[in-house]
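Participant: My file is input_22.txt. It has compact mmCIF, C-alpha atoms:
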# COMPACT_ATOMS: atom_id res chain seq x y z
CA MET A 1 0.00 0.00 0.00
CA ASN A 2 2.84 2.35 0.89
CA ASN A 3 4.55 1.53 -2.40
CA VAL A 4 1.34 2.28 -4.32
CA LEU A 5 0.92 5.57 -2.47
CA SER A 6 4.55 6.42 -3.07
CA ARG A 7 4.23 5.76 -6.80
CA SER A 8 1.05 7.86 -6.94
CA VAL A 9 2.76 10.76 -5.24
CA MET A 10 5.72 10.46 -7.60
CA MET A 11 3.43 10.39 -10.64
CA LEU A 12 1.51 13.42 -9.39
CA SER A 13 4.76 15.23 -8.74
CA THR A 14 5.95 14.43 -12.26
CA VAL A 15 2.70 15.65 -13.82
CA LEU A 16 2.81 18.90 -11.83
CA THR A 17 6.46 19.43 -12.73
CA MET A 18 5.75 18.86 -16.43
CA SER A 19 2.74 21.18 -16.28
CA PHE A 20 4.81 23.88 -14.57
CA ALA A 21 7.59 23.46 -17.13
CA THR A 22 5.11 23.69 -20.01
CA ASN A 23 3.55 26.87 -18.60
CA THR A 24 6.98 28.34 -17.98
CA LEU A 25 8.06 27.62 -21.55
CA ALA A 26 4.83 29.15 -22.84
CA GLN A 27 5.50 32.32 -20.86
CA ASP A 28 9.18 32.39 -21.86
CA ARG A 29 8.09 32.26 -25.51
CA PHE A 30 6.59 35.73 -25.11
CA ALA A 31 8.95 37.18 -22.51
CA ASN A 32 11.31 38.82 -24.98
CA VAL A 33 8.75 39.80 -27.60
CA GLU A 34 9.01 43.50 -28.43
CA VAL A 35 5.65 45.12 -29.09
CA LYS A 36 6.12 48.20 -31.25
CA ALA A 37 3.80 50.82 -32.74
CA THR A 38 4.40 52.46 -36.13
CA ALA A 39 2.49 55.42 -37.55
CA ILE A 40 0.92 54.63 -40.94
CA LYS A 41 -1.35 57.40 -42.22
CA GLY A 42 -4.02 59.66 -40.78
CA ALA A 43 -5.16 58.27 -37.44
CA VAL A 44 -3.94 54.79 -38.36
CA HIS A 45 -1.01 52.98 -36.74
CA MET A 46 0.21 49.38 -36.79
CA ILE A 47 1.40 47.40 -33.79
CA THR A 48 3.73 44.45 -34.28
CA GLY A 49 4.79 41.81 -31.77
CA MET A 50 4.06 38.11 -32.20
CA GLY A 51 1.03 37.07 -34.20
CA GLY A 52 -1.14 39.05 -36.55
CA ASN A 53 -0.43 42.70 -37.21
CA ILE A 54 -2.65 44.96 -35.12
CA GLY A 55 -4.30 47.93 -36.81
CA VAL A 56 -4.97 50.97 -34.62
CA SER A 57 -7.03 54.12 -34.97
CA ALA A 58 -5.96 56.64 -32.34
CA GLY A 59 -7.32 60.15 -31.92
CA GLU A 60 -9.85 62.40 -30.22
CA ASP A 61 -12.52 59.69 -30.06
CA GLY A 62 -10.12 57.28 -28.39
CA VAL A 63 -8.60 54.04 -29.64
CA LEU A 64 -9.93 51.28 -31.89
CA ILE A 65 -7.88 48.18 -32.65
CA ILE A 66 -8.02 45.45 -35.28
CA ASP A 67 -7.00 42.11 -33.75
CA ASP A 68 -5.04 41.70 -30.52
CA GLN A 69 -2.47 38.88 -30.85
CA PHE A 70 -1.78 36.38 -28.02
CA ALA A 71 -3.05 36.70 -24.44
CA PRO A 72 0.42 36.88 -22.78
CA LEU A 73 1.13 40.02 -24.84
CA ALA A 74 -2.02 41.88 -23.74
CA GLU A 75 -0.35 44.16 -21.20
CA LYS A 76 2.49 45.02 -23.60
CA ILE A 77 -0.07 45.86 -26.28
CA ALA A 78 -2.04 47.98 -23.82
CA ALA A 79 1.15 49.85 -22.90
CA GLN A 80 1.75 50.71 -26.57
CA LEU A 81 -1.85 51.84 -26.95
CA GLY A 82 -1.32 54.07 -23.93
CA GLU A 83 1.53 55.73 -25.78
CA LEU A 84 -0.89 56.42 -28.64
CA GLY A 85 -3.51 57.96 -26.37
CA SER A 86 -5.32 55.33 -24.30
CA ASP A 87 -4.65 51.80 -23.06
CA LYS A 88 -8.41 51.21 -23.06
CA PRO A 89 -9.59 50.69 -26.64
CA LYS A 90 -13.28 51.39 -27.15
CA TYR A 91 -13.57 48.81 -29.91
CA VAL A 92 -11.77 45.63 -30.93
CA ILE A 93 -12.43 44.21 -34.41
CA ASN A 94 -11.49 40.57 -34.99
CA THR A 95 -10.61 39.75 -38.60
CA HIS A 96 -11.15 36.04 -37.88
CA TYR A 97 -11.09 33.57 -34.98
CA HIS A 98 -7.46 32.39 -34.78
CA GLY A 99 -5.72 32.80 -31.43
CA ASP A 100 -2.89 34.96 -32.74
CA HIS A 101 -5.56 37.53 -33.64
CA THR A 102 -8.06 37.06 -30.78
CA GLY A 103 -5.93 35.93 -27.84
CA SER A 104 -6.19 39.19 -25.91
CA ASN A 105 -9.96 39.60 -26.39
CA ALA A 106 -10.78 38.66 -22.81
CA PHE A 107 -8.21 41.08 -21.39
CA PHE A 108 -9.40 44.07 -23.40
CA HIS A 109 -13.07 43.28 -22.79
CA SER A 110 -12.90 42.44 -19.07
CA HIS A 111 -10.10 44.75 -17.92
CA LYS A 112 -10.36 47.62 -20.39
CA GLY A 113 -14.07 47.68 -21.25
CA ALA A 114 -13.71 47.20 -25.02
CA THR A 115 -16.61 46.14 -27.21
CA ILE A 116 -15.57 43.31 -29.54
CA PHE A 117 -16.87 43.18 -33.12
CA ALA A 118 -16.57 40.25 -35.53
CA HIS A 119 -18.39 38.28 -38.18
CA GLU A 120 -20.92 35.93 -36.60
CA ASN A 121 -18.88 32.85 -37.58
CA VAL A 122 -16.01 34.13 -35.45
CA ARG A 123 -18.21 34.10 -32.36
CA ILE A 124 -19.55 30.63 -33.26
CA ARG A 125 -16.05 29.17 -33.65
CA LEU A 126 -14.68 30.80 -30.50
CA ALA A 127 -17.73 29.72 -28.49
CA SER A 128 -17.23 26.10 -29.58
CA ASP A 129 -13.70 26.07 -28.11
CA GLU A 130 -13.83 25.13 -24.42
CA LYS A 131 -10.47 26.83 -23.87
CA VAL A 132 -11.90 30.22 -24.84
CA LYS A 133 -13.37 32.25 -21.98
CA PRO A 134 -16.89 33.63 -22.45
CA GLU A 135 -15.56 37.17 -22.01
CA ALA A 136 -13.38 36.66 -25.09
CA LEU A 137 -16.40 36.29 -27.37
CA PRO A 138 -17.41 39.11 -29.72
CA THR A 139 -20.37 41.00 -28.28
CA VAL A 140 -21.44 42.56 -31.60
CA THR A 141 -21.60 40.41 -34.74
CA TYR A 142 -22.62 41.07 -38.31
CA GLU A 143 -23.29 39.19 -41.55
CA ASP A 144 -21.92 41.44 -44.28
CA GLY A 145 -20.21 44.29 -42.47
CA ILE A 146 -20.59 47.58 -40.63
CA LYS A 147 -19.33 51.16 -40.72
CA ILE A 148 -17.82 52.89 -37.71
CA TYR A 149 -17.28 56.65 -37.70
CA PHE A 150 -14.24 57.19 -35.51
CA ASN A 151 -11.48 59.78 -35.15
CA GLY A 152 -12.76 61.73 -38.14
CA GLU A 153 -12.51 58.73 -40.43
CA THR A 154 -14.98 56.23 -41.86
CA VAL A 155 -14.01 52.69 -40.91
CA HIS A 156 -15.49 50.10 -43.28
CA VAL A 157 -15.58 46.57 -41.83
CA MET A 158 -16.35 44.11 -44.63
CA HIS A 159 -16.94 40.35 -44.56
CA LEU A 160 -15.64 38.22 -47.43
CA PRO A 161 -17.49 34.90 -47.72
CA VAL A 162 -14.67 32.42 -48.38
CA GLY A 163 -10.94 32.74 -48.02
CA HIS A 164 -8.68 32.21 -45.04
CA THR A 165 -11.68 31.00 -42.97
CA ASP A 166 -15.47 31.36 -43.25
CA GLY A 167 -15.44 34.39 -40.96
CA ASP A 168 -12.92 36.73 -42.59
CA SER A 169 -13.25 40.49 -42.34
CA VAL A 170 -11.10 43.25 -43.77
CA VAL A 171 -11.05 46.85 -42.56
CA TRP A 172 -10.68 49.88 -44.81
CA PHE A 173 -9.99 53.30 -43.33
CA GLU A 174 -11.56 55.42 -46.06
CA GLN A 175 -10.05 58.89 -45.66
CA PRO A 176 -6.39 57.90 -45.20
CA ASP A 177 -6.96 55.00 -47.64
CA VAL A 178 -5.49 52.23 -45.51
CA LEU A 179 -6.61 48.61 -45.83
CA HIS A 180 -6.08 45.99 -43.11
CA THR A 181 -6.51 42.62 -44.82
CA GLY A 182 -6.32 40.27 -41.85
CA ASP A 183 -4.93 36.92 -42.99
CA LEU A 184 -6.08 37.41 -46.55
CA TYR A 185 -2.51 38.61 -47.04
CA PHE A 186 0.78 37.16 -45.80
CA ASN A 187 3.33 39.55 -47.26
CA GLY A 188 6.22 37.60 -48.82
CA MET A 189 5.04 34.30 -47.35
CA PHE A 190 2.94 31.30 -48.32
CA PRO A 191 -0.45 31.90 -46.67
CA TYR A 192 -2.15 29.69 -44.15
CA ILE A 193 -5.57 28.68 -45.46
CA ASP A 194 -7.68 27.04 -42.76
CA GLN A 195 -9.40 24.34 -44.80
CA GLY A 196 -10.99 22.90 -41.66
CA ALA A 197 -12.73 26.21 -40.94
CA GLY A 198 -14.28 26.98 -44.29
CA GLY A 199 -11.21 28.34 -46.07
CA ASN A 200 -10.12 27.18 -49.51
CA VAL A 201 -7.61 28.20 -52.15
CA GLU A 202 -10.02 29.30 -54.87
CA GLY A 203 -12.10 31.30 -52.39
CA TYR A 204 -8.94 32.90 -51.04
CA MET A 205 -7.89 33.97 -54.54
CA GLU A 206 -11.36 35.34 -55.28
CA SER A 207 -11.33 37.38 -52.07
CA VAL A 208 -7.88 38.82 -52.79
CA GLN A 209 -8.88 39.64 -56.38
CA HIS A 210 -11.99 41.41 -55.09
CA LEU A 211 -9.89 43.52 -52.71
CA LEU A 212 -7.43 44.40 -55.47
CA THR A 213 -10.31 45.87 -57.50
CA LYS A 214 -11.23 48.08 -54.55
CA ILE A 215 -7.82 49.68 -53.95
CA ASP A 216 -5.37 51.72 -56.00
CA ASP A 217 -1.65 52.48 -56.06
CA ASP A 218 -2.02 55.00 -53.23
CA THR A 219 -3.63 52.54 -50.82
CA VAL A 220 -1.48 51.50 -47.89
CA VAL A 221 -1.98 47.80 -47.17
CA ILE A 222 -1.50 46.33 -43.71
CA PRO A 223 -1.23 42.55 -44.13
CA GLY A 224 -2.17 40.03 -41.49
CA HIS A 225 1.50 39.06 -41.35
CA GLY A 226 4.57 40.77 -42.76
CA ASN A 227 5.61 44.30 -43.59
CA VAL A 228 3.35 47.17 -44.60
CA SER A 229 2.63 46.83 -48.30
CA ASN A 230 0.90 48.20 -51.40
CA LYS A 231 -1.28 47.12 -54.30
CA ALA A 232 1.60 45.98 -56.54
CA GLU A 233 3.01 43.67 -53.87
CA TYR A 234 -0.47 42.37 -53.04
CA ALA A 235 -1.02 41.57 -56.72
CA ALA A 236 2.31 39.72 -56.82
CA PHE A 237 1.18 37.69 -53.81
CA LEU A 238 -1.99 36.68 -55.68
CA ASP A 239 0.08 35.77 -58.73
CA MET A 240 2.17 33.42 -56.56
CA ILE A 241 -0.96 31.66 -55.29
CA ARG A 242 -2.50 31.38 -58.75
CA SER A 243 0.70 30.10 -60.35
CA THR A 244 1.52 27.52 -57.68
CA PHE A 245 -2.10 26.33 -57.57
CA ASN A 246 -2.23 25.84 -61.34
CA ASP A 247 1.10 24.01 -61.23
CA VAL A 248 -0.01 21.57 -58.53
CA LYS A 249 -3.45 21.16 -60.10
CA THR A 250 -1.89 20.21 -63.45
CA ARG A 251 0.52 17.74 -61.90
CA LYS A 252 -2.24 16.15 -59.83
CA ALA A 253 -4.37 15.73 -62.98
CA GLN A 254 -1.40 14.01 -64.60
CA GLY A 255 -1.50 11.40 -61.84
CA GLN A 256 1.30 12.65 -59.61
CA SER A 257 0.79 11.92 -55.93
CA LEU A 258 1.16 14.46 -53.15
CA GLU A 259 4.49 12.91 -52.19
CA ASP A 260 5.70 13.08 -55.81
CA ILE A 261 4.96 16.80 -55.98
CA LYS A 262 6.54 17.45 -52.60
CA MET A 263 9.68 15.65 -53.71
CA THR A 264 9.96 17.73 -56.89
CA GLY A 265 8.86 20.94 -55.20
CA LEU A 266 7.75 24.23 -56.67
CA ALA A 267 9.57 26.51 -59.09
CA ASP A 268 12.67 28.17 -57.65
CA LYS A 269 11.14 31.65 -57.88
CA TRP A 270 8.67 30.73 -55.14
CA LYS A 271 11.26 29.38 -52.68
CA SER A 272 11.50 32.71 -50.84
CA TYR A 273 7.86 32.37 -49.72
CA HIS A 274 8.79 29.39 -47.51
CA TRP A 275 8.69 30.15 -43.78
CA ASN A 276 8.67 28.25 -40.50
CA PHE A 277 4.88 27.88 -40.17
CA ILE A 278 3.87 27.36 -43.80
CA THR A 279 6.77 25.56 -45.39
CA GLU A 280 6.86 24.71 -49.07
CA GLU A 281 5.68 21.19 -48.25
CA LYS A 282 2.73 22.47 -46.22
CA TRP A 283 1.79 24.89 -48.97
CA ILE A 284 1.90 22.10 -51.57
CA THR A 285 -0.36 20.01 -49.32
CA THR A 286 -2.86 22.87 -49.09
CA LEU A 287 -2.85 23.32 -52.86
CA TYR A 288 -3.13 19.57 -53.50
CA ASN A 289 -6.12 19.23 -51.18
CA ASP A 290 -8.07 21.83 -53.15
CA ALA A 291 -6.76 21.01 -56.63
Please re-express this file's structure in structure tokens.
Facilitator:
Amino acid sequence: MNNVLSRSVMMLSTVLTMSFATNTLAQDRFANVEVKATAIKGAVHMITGMGGNIGVSAGEDGVLIIDDQFAPLAEKIAAQLGELGSDKPKYVINTHYHGDHTGSNAFFHSHKGATIFAHENVRIRLASDEKVKPEALPTVTYEDGIKIYFNGETVHVMHLPVGHTDGDSVVWFEQPDVLHTGDLYFNGMFPYIDQGAGGNVEGYMESVQHLLTKIDDDTVVIPGHGNVSNKAEYAAFLDMIRSTFNDVKTRKAQGQSLEDIKMTGLADKWKSYHWNFITEEKWITTLYNDA
């Protein structure tokens, strides 16, 4: 009996130690992240850190933010917002449901009093995740979009039916002509298309093409990930998707397996789009699944 008790205590101790180590590693992952704000145009700024780029409108009406990265970065983000005028944003707009864009929802809602806006599918997906706190859920949802008049600018929040997920929104600041695309743009990188959450390659391309028809050469583009951009670079990004998709689609129709295509790879000119999360192999898999 003593041996059994002793083993149980040892097992419990091991589990607790592993849990503590996991939590410590998770915190260490964010400990050295630098959260930085950059002025873009008009009342618009961009905050970078780890996760999706945060769009900010800061002015006389207060602060509005687009996405809010991971929960452990919430206080750092709030500190940067304070430098821009207020650490208590009135509004948070979620471009989709992924944790690197919604992780600080609960903090800004519960501790800072923000109202969270998102497409209704974002709320549905977050609510279905038992790890997401109720206070992290959007409190205002929409089907097609909304307009917010804030800091002397008209903020157009627009839903695009199919693309990265089934709940994508983009935000266009009309007067300064700045577009925040959410994850409908990974600047210089293969995109992540969440095929398990309603996203698909053809829908993604259609959404990007639609946005390109709405902007011009003067539009400043804030991508979901990567550096601030413009229409020409966004069009080049679409060309990469279209070209690699057609390539994989043709090779699949010729009878090549997924492994065959992975082994051969894509054309050399697309190698620079490879990154740690969406490698060339992962991108080929995404393309193959929808081809």
Participant: Do a neighbour search on A:Asp168 at 12 Å with all atoms listed in the file, toss out local chain neighbours closer than 6 positions, and write the hits as a short mmCIF file (atom, residue, chain, number, x, y, z; two decimals) with C-alpha atoms, in the frame of the given file.
Facilitator:
data_model
loop_
_atom_site.label_atom_id
_atom_site.label_comp_id
_atom_site.auth_asym_id
_atom_site.auth_seq_id
_atom_site.Cartn_x
_atom_site.Cartn_y
_atom_site.Cartn_z
CA ASP A 67 -7.00 42.11 -33.75
CA ILE A 93 -12.43 44.21 -34.41
CA ASN A 94 -11.49 40.57 -34.99
CA THR A 95 -10.61 39.75 -38.60
CA HIS A 96 -11.15 36.04 -37.88
CA TYR A 97 -11.09 33.57 -34.98
CA HIS A 98 -7.46 32.39 -34.78
CA HIS A 101 -5.56 37.53 -33.64
CA ALA A 118 -16.57 40.25 -35.53
CA HIS A 119 -18.39 38.28 -38.18
CA GLU A 120 -20.92 35.93 -36.60
CA ASN A 121 -18.88 32.85 -37.58
CA VAL A 122 -16.01 34.13 -35.45
CA ARG A 123 -18.21 34.10 -32.36
CA TYR A 142 -22.62 41.07 -38.31
CA GLU A 143 -23.29 39.19 -41.55
CA ASP A 144 -21.92 41.44 -44.28
CA GLY A 145 -20.21 44.29 -42.47
CA VAL A 157 -15.58 46.57 -41.83
CA MET A 158 -16.35 44.11 -44.63
CA HIS A 159 -16.94 40.35 -44.56
CA LEU A 160 -15.64 38.22 -47.43
CA PRO A 161 -17.49 34.90 -47.72
CA VAL A 162 -14.67 32.42 -48.38
CA HIS A 180 -6.08 45.99 -43.11
CA THR A 181 -6.51 42.62 -44.82
CA GLY A 182 -6.32 40.27 -41.85
CA ASP A 183 -4.93 36.92 -42.99
CA LEU A 184 -6.08 37.41 -46.55
CA TYR A 185 -2.51 38.61 -47.04
CA ILE A 193 -5.57 28.68 -45.46
CA ASP A 194 -7.68 27.04 -42.76
CA ALA A 197 -12.73 26.21 -40.94
CA GLY A 198 -14.28 26.98 -44.29
CA GLY A 199 -11.21 28.34 -46.07
CA GLY A 203 -12.10 31.30 -52.39
CA TYR A 204 -8.94 32.90 -51.04
CA SER A 207 -11.33 37.38 -52.07
CA VAL A 208 -7.88 38.82 -52.79
CA GLY A 224 -2.17 40.03 -41.49
#
Participant: In Å, how far is it from atom CA of A:Asp61 to atom CA of A:Val155?
Facilitator: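 Atom-to-atom, atom CA of A:Asp61 and atom CA of A:Val155 are spaced 13.0 Å apart.
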Participant: Please identify every residue of stretch 118-188 of chain A that has at least one atom no farther than 9 Å from an atom of stretch 232-239 of chain A, counting only C-alpha atoms, and for each give the shortest atom pair and the distance in Å to one decimal, arranged by chain then increasing number, as a tab-separated table.
Facilitator:
residue	atom	partner	partner_atom	distance
A:Tyr185	CA	A:Tyr234	CA	7.4
A:Phe186	CA	A:Phe237	CA	8.0
A:Asn187	CA	A:Phe237	CA	7.1
A:Gly188	CA	A:Phe237	CA	7.1
Participant: Which residue gives the smallest distance to A:Ser86 among A:Gly62, A:Gly167, A:Pro176, A:Gly103, with only C-alpha atoms counted?
Facilitator: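 Nearest to A:Ser86: A:Gly62.
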Participant: Identify which of the residues A:Ala127, A:Ala114, A:Ile54, A:Phe150 lies closest to A:Gln69, counting only C-alpha atoms when measuring atom-to-atom distances.
Facilitator: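 Answer, going by the shortest atom-to-atom distance: A:Ile54.
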Participant: Which of these, A:Thr154, A:Asn53, A:Thr38, A:Thr115, has the shortest distance to A:Gln80 once you count all atoms listed in the file?
Facilitator: A:Thr38
Participant: Atom CA of A:Val92 and atom CA of A:Val56 are how many Å apart?
Facilitator: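 Computed distance, atom CA of A:Val92 to atom CA of A:Val56, equals 9.4 Å.
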Participant: To one decimal in Å, tell me the separation between atom CA of A:Ser229 and atom CA of A:Asp290.
Facilitator: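 Separation between atom CA of A:Ser229 and atom CA of A:Asp290: 27.6 Å.
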Participant: Between A:Leu258, A:Val35, A:Ile40, A:Val201, which one has atoms that come closest to A:Thr165, using only C-alpha atoms?
Facilitator: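 The closest residue to A:Thr165 is A:Val201.
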Participant: Counting all atoms listed in the file, what is within 8 Å of A:Asn105, bar same-chain residues fewer than 2 positions away, as a PyMOL selection string?
Facilitator: chain A and resi 68+71+92+102-103+107-109+116+135-137
Participant: I'd like to know which of A:Leu212, A:Ala78, A:Ile65, A:Met205 is closest to A:Asn230, using all atoms listed in the file.
Facilitator: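 The closest residue to A:Asn230 is A:Leu212.
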Participant: Could you check which of A:Glu130, A:Lys36, A:Gly42, A:Thr250 is closest to A:Glu83, using all atoms listed in the file?
Facilitator: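 Checking each of A:Glu130, A:Lys36, A:Gly42, A:Thr250 against A:Glu83, counting all atoms listed in the file, the winner is A:Lys36.
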Participant: I'd like a table as CSV: residues in stretch 233-259 of chain A with an atom no more than 10 Å from stretch 268-278 of chain A, each row giving the shortest atom pair and its distance in Å to one decimal, all atoms listed in the file counted, sorted by chain and rising residue number.
Facilitator:
residue,atom,partner,partner_atom,distance
A:Phe237,CA,A:Tyr273,CA,9.5
A:Met240,CA,A:Trp270,CA,7.2
A:Ile241,CA,A:Trp270,CA,9.7
A:Ser243,CA,A:Trp270,CA,9.5
A:Thr244,CA,A:Trp270,CA,8.2
